[in-house]
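As provided, target_39.cif (mmCIF, C-alpha atoms and all ligand atoms) reads as follows.
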```
data_model
loop_
_atom_site.label_atom_id
_atom_site.label_comp_id
_atom_site.auth_asym_id
_atom_site.auth_seq_id
_atom_site.Cartn_x
_atom_site.Cartn_y
_atom_site.Cartn_z
CA MET V 42 182.71 22.32 203.13
CA ALA V 43 183.13 23.61 199.58
CA LEU V 44 186.53 25.17 198.78
CA LEU V 45 185.21 28.73 198.47
CA GLU V 46 183.46 28.64 201.85
CA GLU V 47 186.54 27.11 203.46
CA LEU V 48 188.78 29.87 202.07
CA GLN V 49 186.31 32.55 203.12
CA ALA V 50 186.35 31.19 206.68
CA ILE V 51 190.17 31.33 206.76
CA ASP V 52 190.04 34.84 205.31
CA GLU V 53 187.74 35.91 208.17
CA GLN V 54 190.09 34.52 210.74
CA ASN V 55 193.68 34.77 209.50
CA VAL V 56 194.00 37.32 206.71
CA MET V 57 194.24 41.09 207.06
CA ALA V 58 191.07 42.61 205.71
CA THR V 59 192.65 44.83 203.02
CA TYR V 60 190.77 43.46 200.00
CA LEU V 61 187.13 43.43 199.04
CA ARG V 62 187.06 40.06 197.28
CA GLN V 63 184.43 38.66 194.95
CA PRO V 64 182.98 35.33 196.11
CA VAL V 65 184.89 33.23 193.57
CA ALA V 66 187.87 30.89 194.01
CA PHE V 67 189.75 30.40 190.75
CA VAL V 68 191.57 27.11 190.46
CA ARG V 69 192.78 26.98 186.85
CA GLY V 70 193.54 29.23 183.90
CA GLN V 71 194.42 28.79 180.25
CA GLY V 72 194.82 31.59 177.71
CA ALA V 73 191.95 34.03 178.14
CA ARG V 74 189.88 31.61 180.25
CA LEU V 75 189.59 30.83 183.95
CA TRP V 76 187.79 28.08 185.85
CA ASP V 77 186.49 28.30 189.41
CA SER V 78 186.24 25.69 192.15
CA ASP V 79 182.81 24.59 190.87
CA GLY V 80 184.22 23.98 187.39
CA LYS V 81 182.51 27.07 185.93
CA GLU V 82 184.35 28.73 183.04
CA TYR V 83 184.94 32.49 182.61
CA ILE V 84 186.34 34.77 179.91
CA ASP V 85 189.02 36.85 181.62
CA PHE V 86 188.72 40.50 180.56
CA LEU V 87 190.98 41.60 183.44
CA SER V 88 194.15 39.43 183.31
CA GLY V 89 194.76 39.76 187.06
CA ILE V 90 194.79 43.56 186.65
CA ALA V 91 196.95 43.61 183.49
CA VAL V 92 199.36 40.89 184.64
CA THR V 93 198.69 37.70 182.67
CA SER V 94 199.15 39.50 179.36
CA VAL V 95 200.28 36.44 177.41
CA GLY V 96 197.32 34.51 178.82
CA HIS V 97 197.08 32.16 181.76
CA CYS V 98 199.79 29.49 181.95
CA HIS V 99 201.27 30.16 178.51
CA PRO V 100 203.18 26.93 177.70
CA HIS V 101 206.39 28.78 176.76
CA VAL V 102 206.40 30.70 180.06
CA VAL V 103 205.47 27.59 182.06
CA ARG V 104 208.32 25.64 180.44
CA ALA V 105 210.81 28.40 181.19
CA ILE V 106 209.70 28.47 184.85
CA GLN V 107 209.85 24.67 185.13
CA GLN V 108 213.34 24.49 183.63
CA GLN V 109 214.67 27.31 185.78
CA ALA V 110 213.04 25.90 188.93
CA GLU V 111 214.89 22.64 188.37
CA THR V 112 218.20 24.45 187.80
CA LEU V 113 218.61 27.43 190.16
CA LEU V 114 216.08 29.37 192.22
CA HIS V 115 218.07 32.02 194.05
CA THR V 116 221.57 33.24 194.82
CA SER V 117 221.07 37.00 195.63
CA ASN V 118 222.38 40.02 193.78
CA LEU V 119 225.85 39.54 195.21
CA PHE V 120 226.51 37.31 192.18
CA TYR V 121 225.74 37.06 188.48
CA THR V 122 222.89 34.88 187.22
CA GLU V 123 222.37 34.57 183.48
CA PRO V 124 218.57 35.15 183.18
CA GLN V 125 218.76 38.59 184.85
CA PHE V 126 221.40 39.89 182.44
CA ARG V 127 219.79 38.42 179.32
CA LEU V 128 216.55 40.02 180.45
CA ALA V 129 218.24 43.37 181.13
CA GLN V 130 219.64 43.44 177.59
CA LYS V 131 216.39 42.41 175.94
CA LEU V 132 214.12 44.68 178.00
CA CYS V 133 216.32 47.75 177.45
CA ALA V 134 216.33 46.98 173.70
CA VAL V 135 212.55 46.73 173.34
CA ALA V 136 211.92 49.68 175.69
CA GLY V 137 214.49 51.93 174.00
CA MET V 138 216.18 52.60 177.36
CA GLU V 139 219.77 52.15 178.47
CA ARG V 140 219.84 50.76 182.01
CA VAL V 141 217.56 48.84 184.29
CA PHE V 142 217.13 48.05 187.99
CA PHE V 143 215.00 45.00 188.79
CA CYS V 144 212.63 44.80 191.74
CA ASN V 145 209.44 42.94 192.60
CA SER V 146 206.44 45.17 191.90
CA GLY V 147 205.18 48.34 190.27
CA ALA V 148 205.36 50.36 193.47
CA GLU V 149 208.97 49.28 194.00
CA ALA V 150 209.84 50.26 190.43
CA ASN V 151 208.43 53.73 191.11
CA GLU V 152 210.23 53.98 194.47
CA CYS V 153 213.45 53.38 192.59
CA ALA V 154 212.59 56.13 190.10
CA LEU V 155 211.77 58.57 192.94
CA LYS V 156 215.08 57.84 194.65
CA ILE V 157 216.99 58.47 191.41
CA ALA V 158 215.03 61.71 191.01
CA ARG V 159 215.85 62.93 194.52
CA LYS V 160 219.52 62.16 194.16
CA TRP V 161 219.53 63.75 190.71
CA GLY V 162 218.02 66.85 192.34
CA LYS V 163 220.74 66.98 194.96
CA ARG V 164 223.59 66.32 192.57
CA LYS V 165 222.64 68.30 189.53
CA ARG V 166 220.51 71.06 190.85
CA GLY V 167 221.48 71.76 194.42
CA GLU V 168 218.82 70.91 197.01
CA LYS V 169 215.98 70.71 194.48
CA ALA V 170 213.58 68.13 195.78
CA ASP V 171 210.07 68.83 194.42
CA ILE V 172 208.32 65.99 192.64
CA VAL V 173 205.38 66.99 190.46
CA THR V 174 202.50 64.54 190.17
CA VAL V 175 199.09 64.63 188.50
CA GLU V 176 195.65 64.61 190.11
CA GLY V 177 194.03 61.17 189.88
CA ALA V 178 197.38 59.39 189.54
CA PHE V 179 198.10 55.99 191.05
CA HIS V 180 201.75 55.07 191.52
CA GLY V 181 201.58 52.53 194.36
CA ARG V 182 201.01 52.11 198.06
CA LEU V 183 204.51 52.29 199.57
CA PHE V 184 205.30 55.54 201.39
CA GLY V 185 207.11 57.26 198.51
CA THR V 186 204.69 56.14 195.84
CA LEU V 187 201.69 56.78 198.09
CA SER V 188 202.95 60.34 198.53
CA VAL V 189 202.75 60.92 194.75
CA THR V 190 199.32 59.22 194.53
CA PRO V 191 197.17 62.25 195.31
CA GLN V 192 193.95 60.49 196.24
CA LYS V 193 192.41 61.07 199.66
CA LYS V 194 191.06 57.53 200.02
CA TYR V 195 194.58 56.07 199.80
CA GLN V 196 196.49 58.77 201.66
CA GLU V 197 194.40 60.11 204.53
CA HIS V 198 195.17 57.50 207.20
CA PHE V 199 198.89 57.42 206.56
CA GLU V 200 200.01 61.02 206.79
CA PRO V 201 202.51 62.59 207.17
CA LEU V 202 203.76 61.52 203.77
CA LEU V 203 206.83 62.47 201.77
CA PRO V 204 207.27 66.27 201.62
CA ASN V 205 207.91 68.32 198.47
CA VAL V 206 205.16 66.79 196.36
CA VAL V 207 203.36 69.21 194.04
CA ILE V 208 200.02 68.22 192.52
CA VAL V 209 198.72 69.55 189.19
CA PRO V 210 195.21 69.04 187.81
CA ARG V 211 194.98 66.42 185.06
CA ASN V 212 195.68 67.92 181.60
CA ASP V 213 196.07 71.47 182.94
CA VAL V 214 199.00 72.69 180.86
CA GLN V 215 199.24 76.10 182.52
CA GLU V 216 199.32 74.70 186.05
CA LEU V 217 201.94 72.19 184.95
CA GLU V 218 204.09 74.96 183.56
CA LYS V 219 203.84 76.82 186.89
CA ALA V 220 204.52 73.70 188.98
CA VAL V 221 207.73 72.69 187.21
CA ASN V 222 210.38 75.19 188.25
CA GLN V 223 213.92 75.46 189.67
CA ARG V 224 212.86 73.47 192.74
CA THR V 225 211.69 70.48 190.68
CA CYS V 226 213.72 67.29 190.44
CA ALA V 227 211.09 65.21 188.58
CA VAL V 228 207.64 64.95 187.06
CA ILE V 229 205.95 61.56 187.43
CA LEU V 230 202.90 60.55 185.40
CA GLU V 231 201.01 57.65 183.85
CA PRO V 232 200.48 58.28 180.12
CA ILE V 233 197.04 56.70 180.66
CA GLN V 234 195.80 56.86 184.25
CA GLY V 235 194.66 53.32 184.91
CA GLU V 236 193.38 52.91 188.46
CA SER V 237 191.40 56.13 188.30
CA GLY V 238 189.40 54.88 185.31
CA VAL V 239 191.49 54.70 182.09
CA HIS V 240 192.04 58.38 181.41
CA PRO V 241 194.62 59.07 178.68
CA LEU V 242 196.57 62.25 179.39
CA HIS V 243 196.34 64.76 176.54
CA MET V 244 199.19 64.94 174.05
CA GLU V 245 199.62 68.65 174.74
CA PHE V 246 200.00 67.98 178.48
CA LEU V 247 202.55 65.21 177.93
CA GLN V 248 204.55 67.34 175.52
CA LYS V 249 204.51 70.20 177.99
CA ALA V 250 205.80 67.86 180.72
CA ARG V 251 208.77 66.93 178.51
CA GLU V 252 209.38 70.54 177.58
CA CYS V 253 209.25 71.79 181.19
CA CYS V 254 211.57 69.02 182.41
CA ASP V 255 214.08 69.88 179.68
CA LEU V 256 213.89 73.54 180.53
CA GLN V 257 214.38 73.02 184.27
CA GLY V 258 216.79 70.08 184.08
CA ALA V 259 214.26 67.82 185.84
CA LEU V 260 213.65 64.13 185.10
CA LEU V 261 210.49 62.97 183.36
CA ILE V 262 209.24 59.67 184.82
CA PHE V 263 206.69 57.62 182.87
CA ASP V 264 204.97 55.08 185.09
CA GLU V 265 204.17 52.37 182.54
CA VAL V 266 203.40 49.72 185.14
CA GLN V 267 200.00 49.28 183.52
CA THR V 268 200.43 50.73 180.00
CA GLY V 269 203.74 48.94 179.38
CA MET V 270 204.70 45.52 178.05
CA GLY V 271 202.51 45.75 174.96
CA ARG V 272 199.18 46.55 176.58
CA THR V 273 198.61 49.66 174.46
CA GLY V 274 199.85 48.08 171.22
CA THR V 275 203.51 49.14 171.38
CA TRP V 276 206.05 47.80 173.85
CA PHE V 277 205.68 51.02 175.80
CA MET V 278 203.29 53.91 175.40
CA TRP V 279 206.12 56.46 175.03
CA GLN V 280 207.02 54.82 171.72
CA GLN V 281 203.70 55.70 170.12
CA LEU V 282 203.57 59.14 171.73
CA GLY V 283 207.06 60.00 170.55
CA ILE V 284 207.78 61.54 173.99
CA LYS V 285 210.72 59.82 175.61
CA PRO V 286 210.97 59.79 179.40
CA ASP V 287 214.24 59.78 181.35
CA LEU V 288 212.94 57.09 183.67
CA LEU V 289 210.47 54.38 182.67
CA THR V 290 208.91 51.98 185.14
CA THR V 291 207.06 48.76 184.49
CA ALA V 292 205.86 45.60 186.26
CA LYS V 293 202.47 43.84 185.93
CA GLY V 294 202.69 42.17 182.48
CA LEU V 295 206.47 41.82 182.61
CA GLY V 296 206.66 38.47 184.41
CA GLY V 297 203.85 36.62 182.63
CA GLY V 298 202.19 36.18 186.05
CA LEU V 299 205.25 36.17 188.33
CA PRO V 300 206.18 39.22 190.42
CA ILE V 301 208.86 41.39 188.83
CA GLY V 302 209.22 45.13 188.38
CA ALA V 303 211.74 47.22 186.47
CA CYS V 304 212.91 50.81 186.63
CA MET V 305 214.63 51.74 183.37
CA ALA V 306 216.67 54.85 182.77
CA SER V 307 218.76 56.81 180.34
CA ASP V 308 222.51 56.48 180.99
CA GLU V 309 222.57 60.03 182.30
CA ALA V 310 219.79 59.50 184.86
CA ALA V 311 221.05 56.07 185.91
CA GLU V 312 224.50 57.47 186.58
CA VAL V 313 223.42 59.13 189.83
CA PHE V 314 223.06 55.72 191.50
CA GLU V 315 226.28 54.42 193.02
CA ARG V 316 227.00 51.05 194.57
CA GLY V 317 224.90 50.65 197.69
CA ASP V 318 222.37 53.39 196.83
CA HIS V 319 219.60 50.91 196.15
CA GLY V 320 218.98 47.18 196.30
CA SER V 321 216.55 44.31 196.52
CA THR V 322 217.11 40.81 197.88
CA PHE V 323 214.82 39.14 195.36
CA GLY V 324 214.96 41.67 192.49
CA GLY V 325 215.63 40.06 189.11
CA GLY V 326 216.13 36.59 190.57
CA PRO V 327 216.61 33.75 188.07
CA LEU V 328 213.08 32.34 188.28
CA VAL V 329 211.21 35.58 187.63
CA ALA V 330 213.78 36.75 185.09
CA SER V 331 213.36 33.50 183.11
CA ALA V 332 209.59 33.94 183.16
CA ALA V 333 209.95 37.55 181.98
CA LEU V 334 212.34 36.60 179.18
CA ALA V 335 209.91 33.94 177.99
CA THR V 336 207.07 36.48 178.19
CA LEU V 337 209.01 38.90 175.96
CA GLU V 338 209.62 36.08 173.49
CA VAL V 339 205.92 35.19 173.36
CA ILE V 340 204.94 38.83 172.74
CA GLU V 341 207.39 38.95 169.84
CA GLN V 342 206.78 35.51 168.35
CA GLU V 343 202.99 35.73 168.50
CA ASN V 344 202.84 39.29 167.22
CA LEU V 345 200.88 40.37 170.27
CA LEU V 346 201.52 44.10 169.91
CA GLN V 347 199.56 44.01 166.67
CA ASN V 348 196.86 41.83 168.27
CA ALA V 349 196.51 44.32 171.13
CA ARG V 350 195.90 47.11 168.63
CA VAL V 351 193.42 45.14 166.51
CA MET V 352 191.45 43.55 169.34
CA GLY V 353 191.47 46.77 171.35
CA GLU V 354 189.94 48.64 168.43
CA TYR V 355 187.38 45.85 167.97
CA LEU V 356 186.33 45.85 171.65
CA ARG V 357 186.00 49.64 171.73
CA GLU V 358 183.89 49.59 168.54
CA GLN V 359 181.61 46.89 169.89
CA VAL V 360 181.14 48.53 173.30
CA SER V 361 180.51 51.89 171.57
CA SER V 362 177.79 50.25 169.45
CA TRP V 363 175.88 49.36 172.65
CA ARG V 364 175.18 53.04 173.12
CA ASN V 365 172.03 52.60 171.02
CA TYR V 366 170.36 50.56 173.74
CA LEU V 367 172.56 50.63 176.87
CA PRO V 368 173.59 53.70 178.94
CA VAL V 369 177.25 53.38 177.93
CA GLN V 370 179.28 56.60 177.73
CA ASP V 371 182.77 57.81 176.88
CA VAL V 372 184.40 54.59 175.61
CA ARG V 373 188.13 55.30 175.89
CA GLY V 374 191.63 53.86 176.07
CA VAL V 375 194.37 52.61 173.78
CA GLY V 376 195.04 49.02 172.67
CA LEU V 377 193.77 46.54 175.22
CA MET V 378 193.40 49.10 178.00
CA ILE V 379 189.76 50.11 177.85
CA GLY V 380 187.43 52.11 180.06
CA PHE V 381 183.83 53.23 179.72
CA ASP V 382 181.23 54.84 181.93
CA LEU V 383 177.73 53.73 182.81
CA LYS V 384 174.97 56.12 183.77
CA PRO V 385 173.27 55.22 186.08
CA ALA V 386 176.43 54.24 187.94
CA VAL V 387 176.00 50.48 188.17
CA ALA V 388 179.56 49.29 187.56
CA ARG V 389 179.81 47.35 190.81
CA HIS V 390 176.60 45.49 189.99
CA VAL V 391 178.09 44.75 186.55
CA VAL V 392 181.17 43.13 188.10
CA ARG V 393 178.99 40.83 190.23
CA ARG V 394 176.55 40.05 187.42
CA GLY V 395 179.52 39.53 185.08
CA LEU V 396 180.83 36.75 187.30
CA GLU V 397 177.42 35.10 187.21
CA GLU V 398 177.44 35.36 183.42
CA GLY V 399 181.02 34.10 183.17
CA VAL V 400 183.10 37.20 182.41
CA VAL V 401 185.69 38.87 184.67
CA VAL V 402 185.74 42.68 184.50
CA ASN V 403 186.74 45.44 186.91
CA ALA V 404 185.02 48.57 188.22
CA THR V 405 187.43 51.42 189.03
CA SER V 406 184.45 53.24 190.58
CA ASN V 407 180.74 52.64 190.52
CA ALA V 408 180.62 54.69 187.31
CA THR V 409 183.46 53.08 185.34
CA ILE V 410 184.15 49.63 183.92
CA ARG V 411 187.76 48.80 183.05
CA LEU V 412 188.72 46.01 180.63
CA LEU V 413 192.30 44.70 180.51
CA PRO V 414 192.05 41.46 178.52
CA PRO V 415 195.12 39.35 177.77
CA LEU V 416 197.04 40.36 174.63
CA VAL V 417 196.39 36.85 173.24
CA LEU V 418 192.62 37.45 173.12
CA THR V 419 191.01 36.00 169.95
CA LYS V 420 187.99 37.46 168.18
CA GLN V 421 185.91 34.48 169.26
CA GLU V 422 186.84 34.99 172.91
CA ALA V 423 186.19 38.71 172.56
CA ASP V 424 182.70 38.02 171.17
CA GLU V 425 181.90 35.52 173.92
CA GLY V 426 183.10 37.91 176.61
CA LEU V 427 181.21 40.83 175.09
CA LEU V 428 177.96 38.89 174.98
CA ARG V 429 178.35 37.95 178.64
CA LEU V 430 179.25 41.51 179.56
CA GLN V 431 176.26 42.89 177.70
CA ARG V 432 173.95 40.53 179.61
CA ALA V 433 175.65 41.53 182.87
CA ILE V 434 175.00 45.23 182.17
CA GLU V 435 171.34 44.52 181.37
CA LYS V 436 170.95 42.61 184.64
CA ALA V 437 172.81 45.28 186.61
CA LEU V 438 170.40 47.91 185.28
CA TYR V 439 167.50 45.72 186.29
CA ASP V 440 169.00 45.38 189.82
CA TYR V 441 169.33 49.14 189.96
CA GLU V 442 165.68 49.70 188.98
CA ILE V 443 164.51 47.22 191.62
CA GLU V 444 166.69 48.90 194.28
CA LYS V 445 165.32 52.29 193.29
CA ALA V 446 161.72 51.08 193.42
CA LEU V 447 162.31 49.46 196.84
CA ALA V 448 163.90 52.63 198.18
CA ALA V 449 160.96 54.72 196.92
CA ASN V 450 158.56 52.24 198.48
CA ASN V 451 160.34 52.36 201.82
CA GLU V 452 160.25 56.10 201.78
CA SER V 453 156.51 56.25 201.10
CA ASP V 454 155.91 53.64 203.87
CA ASN V 455 157.95 55.72 206.27
CA PRO V 456 157.26 59.44 205.84
CA ASP V 457 159.69 60.28 208.69
CA ALA V 458 162.57 59.10 206.51
CA ARG V 459 162.14 62.04 204.18
C1 LIG A 1 200.25 52.81 186.99
C2 LIG A 1 200.54 51.98 188.19
N1 LIG A 1 201.64 52.22 188.91
C3 LIG A 1 201.96 51.50 189.99
C4 LIG A 1 201.16 50.47 190.41
C5 LIG A 1 201.54 49.66 191.63
O1 LIG A 1 201.94 48.39 191.23
P1 LIG A 1 202.06 47.20 192.31
O2 LIG A 1 200.68 46.88 192.77
O3 LIG A 1 202.71 46.08 191.52
O4 LIG A 1 202.93 47.70 193.40
C6 LIG A 1 199.99 50.18 189.70
C7 LIG A 1 199.10 49.09 190.16
O5 LIG A 1 197.96 49.04 189.87
C8 LIG A 1 199.68 50.95 188.56
O6 LIG A 1 198.58 50.72 187.84
#
```

Please, can you express the file's structure as structure tokens?
Ligand SMILES: Cc1ncc(COP(=O)(O)O)c(C=O)c1O
Amino acid sequence: MALLEELQAIDEQNVMATYLRQPVAFVRGQGARLWDSDGKEYIDFLSGIAVTSVGHCHPHVVRAIQQQAETLLHTSNLFYTEPQFRLAQKLCAVAGMERVFFCNSGAEANECALKIARKWGKRKRGEKADIVTVEGAFHGRLFGTLSVTPQKKYQEHFEPLLPNVVIVPRNDVQELEKAVNQRTCAVILEPIQGESGVHPLHMEFLQKARECCDLQGALLIFDEVQTGMGRTGTWFMWQQLGIKPDLLTTAKGLGGGLPIGACMASDEAAEVFERGDHGSTFGGGPLVASAALATLEVIEQENLLQNARVMGEYLREQVSSWRNYLPVQDVRGVGLMIGFDLKPAVARHVVRRGLEEGVVVNATSNATIRLLPPLVLTKQEADEGLLRLQRAIEKALYDYEIEKALAANNESDNPDAR
């Protein structure tokens, strides 16, 4: 049996059915390229959903992991290990923050921020517990983060969720102003909403969030799990917006492919946590911390922030130029975080056709394609990937026309169906 079929059979039998997987088994990656179990090569315009930002198996990251694996894998957070503290210092420096708590994922980083916010609310403002979140946000799938992810499809089967969550419409400055009041302990937002289709929040809305938090003594949380670690062309998005949050979370690209999350804070916000208030068995362990340190070094040494800006601009320009002959709309995003819409809504066909053509992309809905290429992407790889993507869109539109014609045919064959 071929590897893919074997894995699919195991999936059927032994794995919880939480993912809708594409029928591909990847076995190797290098830079912006992946290879599947049949030896077919792909341009990776997704980076494992914004994770492998320095490319697959970057030699500097691989070396750091190998060396650390041979030296020390784990001791717990009851003791000091050098990689965690070196990473803490370096990450706080590049992020412009003062303190950090390490965990294992984006959702965990946000859980940490929410706990700080709630305790801040109790300490500084009496029993003020409201957390304001934005429509369309995605902050994770644990109970706290799910509660501030106001999307029916994620929440409906798991209620009751955390109380005291207030939802404001995306970019509605007046509603935001009303929602943030004496009862508010924090506002949480993604500067660019990623999972809901790459929607940058308006400058005016972000500024208002800062202003309202200052006025009410609430904490502003930027969830930069996806926008952080150079993806938008600066280490963190707040640095190009000029709006500094009190709490800043990240994960995804931080570990160069290994699982690590971080909740960073100003001294004042971090102060509310006391010994025993929060913890994680694996958080900031030596292996992942070494990988993350090496990842930060690669981003610096290879000037990847600049590359993210230049290649992001190039990709957006090229995709926008397709508008002359393909139904591409509203090309958006910052740096190498790119979204665009297709009308008719054929994004899911595009993902499938893209794999056939040898390019990995993501559909956040059937209307929207999201591109999150590695920050190491070269112009040649961009051009190859774009050509494949363009062919995939053409084929997806063809599929759509055939489906439409078949549906019309079925309807005329069966008048009762009308
Ligand atoms: C903005 C944002 N926050 C949080 C998360 C959750 O991260 P994780 O899947 O690592 O828990 C994601 C994941 O897609 C995200 O995009």

Exercise. Distance atom CA of V:Tyr439-atom CA of V:Leu367, one decimal place?
Worked result: 11.8 Å

Find the nearest atom pair between each residue of chain V and ligand LIG 1 (chain A) for residues within 6 Å, count only C-alpha atoms and all ligand atoms, give distances in Å to one decimal, sort rows by chain and ascending number, and present the table as a Markdown table.
```
| residue | atom | partner | partner_atom | distance |
| --- | --- | --- | --- | --- |
| V:Ser146 | CA | A:LIG1 | O3 | 3.9 |
| V:Gly147 | CA | A:LIG1 | O1 | 3.4 |
| V:Ala148 | CA | A:LIG1 | O4 | 3.6 |
| V:Phe179 | CA | A:LIG1 | C2 | 5.5 |
| V:His180 | CA | A:LIG1 | N1 | 3.9 |
| V:Gly181 | CA | A:LIG1 | C5 | 4.0 |
| V:Glu231 | CA | A:LIG1 | C1 | 5.8 |
| V:Gly235 | CA | A:LIG1 | O6 | 5.5 |
| V:Glu236 | CA | A:LIG1 | O6 | 5.7 |
| V:Asp264 | CA | A:LIG1 | C1 | 5.6 |
| V:Glu265 | CA | A:LIG1 | C1 | 5.9 |
| V:Val266 | CA | A:LIG1 | C2 | 4.8 |
| V:Gln267 | CA | A:LIG1 | O6 | 4.8 |
```

Problem set entry | Nearest candidate to V:Tyr366 (options V:Ala311, V:Ile434, V:Leu113, V:Val392; using all atoms listed in the file) |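 Looking only at the distances to V:Tyr366, the closest residue turns out to be V:Ile434.
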
Seminar exercise, completed: re atom CA of V:Pro232 and atom CA of V:Pro414: distance 18.9 Å

Exercise. Within 6 Å of (216.6, 53.3, 181.4), in the coordinates the file gives, what residues turn up when you count only C-alpha atoms, written out as a list of chain:residue names?
Worked result: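 So the residues meeting the distance criterion are V:Met138, V:Glu139, V:Arg140, V:Val141, V:Leu288, V:Met305, V:Ala306, V:Ser307.
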
For this session: Do a neighbour search on V:Tyr195 at 12 Å with all atoms listed in the file, toss out local chain neighbours closer than 2 positions, and write the hits as a list of chain:residue names.
Result: V:Thr59, V:Gly177, V:Ala178, V:Phe179, V:His180, V:Gly181, V:Arg182, V:Leu183, V:Phe184, V:Thr186, V:Leu187, V:Ser188, V:Val189, V:Thr190, V:Pro191, V:Gln192, V:Lys193, V:Glu197, V:His198, V:Phe199, V:Glu200, V:Leu202, V:Glu236, V:Ser237

Exercise. Which residues, written as a ChimeraX atom specification, have at least one atom at most 6 Å from V:Ala433, with all atoms listed in the file counted and residues fewer than 5 positions away on the same chain left out?
Worked result: /V:391,394-395

Please identify every residue of stretch 316-335 of chain V that has at least one atom no farther than 10 Å from an atom of stretch 119-126 of chain V, counting all atoms listed in the file, and for each give the shortest atom pair and the distance in Å to one decimal, arranged by chain then increasing number, as CSV.
```
residue,atom,partner,partner_atom,distance
V:Thr322,CA,V:Leu119,CA,9.2
V:Gly324,CA,V:Gln125,CA,9.1
V:Gly325,CA,V:Gln125,CA,5.5
V:Gly326,CA,V:Gln125,CA,6.6
V:Pro327,CA,V:Pro124,CA,5.5
V:Leu328,CA,V:Pro124,CA,8.0
V:Val329,CA,V:Gln125,CA,8.6
V:Ala330,CA,V:Gln125,CA,5.3
V:Ser331,CA,V:Pro124,CA,5.5
V:Ala332,CA,V:Pro124,CA,9.1
V:Ala333,CA,V:Pro124,CA,9.0
V:Leu334,CA,V:Pro124,CA,7.5
```

Exercise. Which one is closest to V:Lys420: V:Leu356, V:Val387, V:Ile172, V:Ile233? Count only C-alpha atoms.
Worked result: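 Among V:Leu356, V:Val387, V:Ile172, V:Ile233, it is V:Leu356 that comes nearest to V:Lys420.
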
For this session: Have a look at atom CA of V:Glu46 and atom CA of V:Gly298 and let me know their distance in Å, one decimal.
Result: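 Calculated distance between atom CA of V:Glu46 and atom CA of V:Gly298 is 25.6 Å.
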
For this session: Fewer than 6 positions away in the same chain doesn't count, so skip those; otherwise give me all residues within 9 Å of V:Ile284, counting all atoms listed in the file, as a list in words.
Result: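 Counting only the stated atoms, we get Leu247, Gln248, Arg251 and Met278 of chain V.
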
For this session: Write out as a VMD selection string which residues come within 8 Å of V:Arg393 when counting all atoms listed in the file, dropping same-chain ones fewer than 4 positions away.
Result: chain V and resid 63 389 397

Where atoms are lacking, stretch 361-372 of chain V completed to N, CA and C atoms, as a CSV table (one decimal), in the frame of the given file:
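Writing the result to rebuild_11.csv gives the following:
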```
chain,number,residue,atom,x,y,z
V,361,SER,N,181.1,50.6,172.0
V,361,SER,CA,180.5,51.9,171.6
V,361,SER,C,179.2,51.6,170.9
V,362,SER,N,179.0,50.5,170.2
V,362,SER,CA,177.8,50.2,169.4
V,362,SER,C,176.6,49.9,170.4
V,363,TRP,N,176.9,49.6,171.7
V,363,TRP,CA,175.9,49.4,172.6
V,363,TRP,C,175.2,50.6,173.0
V,364,ARG,N,175.8,51.8,172.7
V,364,ARG,CA,175.2,53.0,173.1
V,364,ARG,C,173.7,53.2,172.6
V,365,ASN,N,173.4,52.5,171.6
V,365,ASN,CA,172.0,52.6,171.0
V,365,ASN,C,171.0,52.1,172.0
V,366,TYR,N,171.4,51.1,172.9
V,366,TYR,CA,170.4,50.6,173.7
V,366,TYR,C,170.8,50.4,175.2
V,367,LEU,N,172.1,50.7,175.5
V,367,LEU,CA,172.6,50.6,176.9
V,367,LEU,C,173.2,52.0,177.3
V,368,PRO,N,173.1,52.4,178.5
V,368,PRO,CA,173.6,53.7,178.9
V,368,PRO,C,175.1,53.7,179.1
V,369,VAL,N,175.8,53.4,178.0
V,369,VAL,CA,177.2,53.4,177.9
V,369,VAL,C,177.8,54.7,177.4
V,370,GLN,N,178.8,55.3,178.1
V,370,GLN,CA,179.3,56.6,177.7
V,370,GLN,C,180.8,56.6,177.7
V,371,ASP,N,181.3,57.5,176.9
V,371,ASP,CA,182.8,57.8,176.9
V,371,ASP,C,183.7,56.6,176.9
V,372,VAL,N,183.6,55.8,175.8
V,372,VAL,CA,184.4,54.6,175.6
V,372,VAL,C,185.8,55.1,175.3
```
